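Down below is the structure, laid out as structure tokens.
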Amino acid sequence: MTEGQIQAAPGSALSDLRARREQAKQKLHLDLRIPRLEPPVFVRYAPLEKPDIDEANAKIAESKDRDREVVAKSVLLAKACLGVFERDAKGRPKGDPASWPKFDQQIGAMLELPADCGAVEVVRGLYLTDGDVIVAMAELADWSAKSGQQAAEEYAGN
């Protein structure tokens with residue numbers, strides 16, 4: 001136990017609460033395949049956070065840029081990204097998730113993007129079309145809403 005943590009009473013049903021919570025958090029992700037890449041490449045996403053969605057929507061509303069929607073969706077995909085990875089022959093993710101690259105300059109360099117590129121350019125570089133970005137964002141948003149709704153229902157049941 002670390003400083004400041006409260007220990008549950010011996011025999012309490014909550015004695016392993018912290019471990020169960022961490023275990024549940026490890027499963028709270030969505031793996032999406034990048035379309036048309038062979039061998040397949042996947043991106044692991046965390047659920048979207050409402051403040052990030054609100055911020056992206058506000059920027060879309062304010063912007064006059066033709067690409068504003070795809071840019072905002074790329075920003076959200078980059079923020080939610082936990083890592084980019086491949087799977088082994090058994091379908092398991094390769095490597096340690098802590099070492100997976102994100103939508104960063106490491107992936108940018110692999111894609112031969114300019115060294116000063118940002119996350120938006122990397123997202124749009126890895127996904128082959130803006131339509132792919134839009135579909136990935138729709139899938140992530142749908143899953144995030146469902147996981148948030150499920151968490152609310154589980155909480156309401158307590």
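Residue names in the structure tokens use chain letters A, B, ... in the order shown, residue numbers from 1 in each chain, and ligand numbers from 1 in the order shown.
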Taking only region 20-100 of chain A into account, list the residues labelled strand (DSSP E) by DSSP (computed from the backbone), as a PyMOL selection string. chain A and resi 30-33+42-45+81-85
C-alpha atoms of the current selection, written as a PDB file, in the first residue's frame:
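Saved as again.pdb:
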```pdb
ATOM      1  CA  LEU A  30     -11.387  -0.558 -28.094  1.00  0.00           C
ATOM      2  CA  ASP A  31      -9.070  -1.996 -30.750  1.00  0.00           C
ATOM      3  CA  LEU A  32      -9.793  -0.720 -34.258  1.00  0.00           C
ATOM      4  CA  ARG A  33      -8.108  -2.002 -37.390  1.00  0.00           C
ATOM      5  CA  PHE A  42      -4.534  -1.779 -35.027  1.00  0.00           C
ATOM      6  CA  VAL A  43      -5.039   1.231 -32.787  1.00  0.00           C
ATOM      7  CA  ARG A  44      -6.093   0.790 -29.170  1.00  0.00           C
ATOM      8  CA  TYR A  45      -8.356   3.564 -27.916  1.00  0.00           C
ATOM      9  CA  CYS A  81      -5.050   6.627 -28.568  1.00  0.00           C
ATOM     10  CA  LEU A  82      -3.383   4.186 -26.189  1.00  0.00           C
ATOM     11  CA  GLY A  83      -1.095   2.744 -28.840  1.00  0.00           C
ATOM     12  CA  VAL A  84      -0.601   1.443 -32.370  1.00  0.00           C
ATOM     13  CA  PHE A  85       0.228  -2.252 -32.688  1.00  0.00           C
TER      14      PHE A  85
END
```
Test item: residues at most 10 Å from region 94-105 of chain A, only C-alpha atoms, excluding those fewer than 4 positions along its chain, as a PyMOL selection string: chain A and resi 43-44+74-75+77-89+109-126
So, with only C-alpha atoms as the atoms that count, which of A:Val41, A:Val70, A:Ala56, A:Leu17 lies closest to Thr129 (chain A)? A:Val70
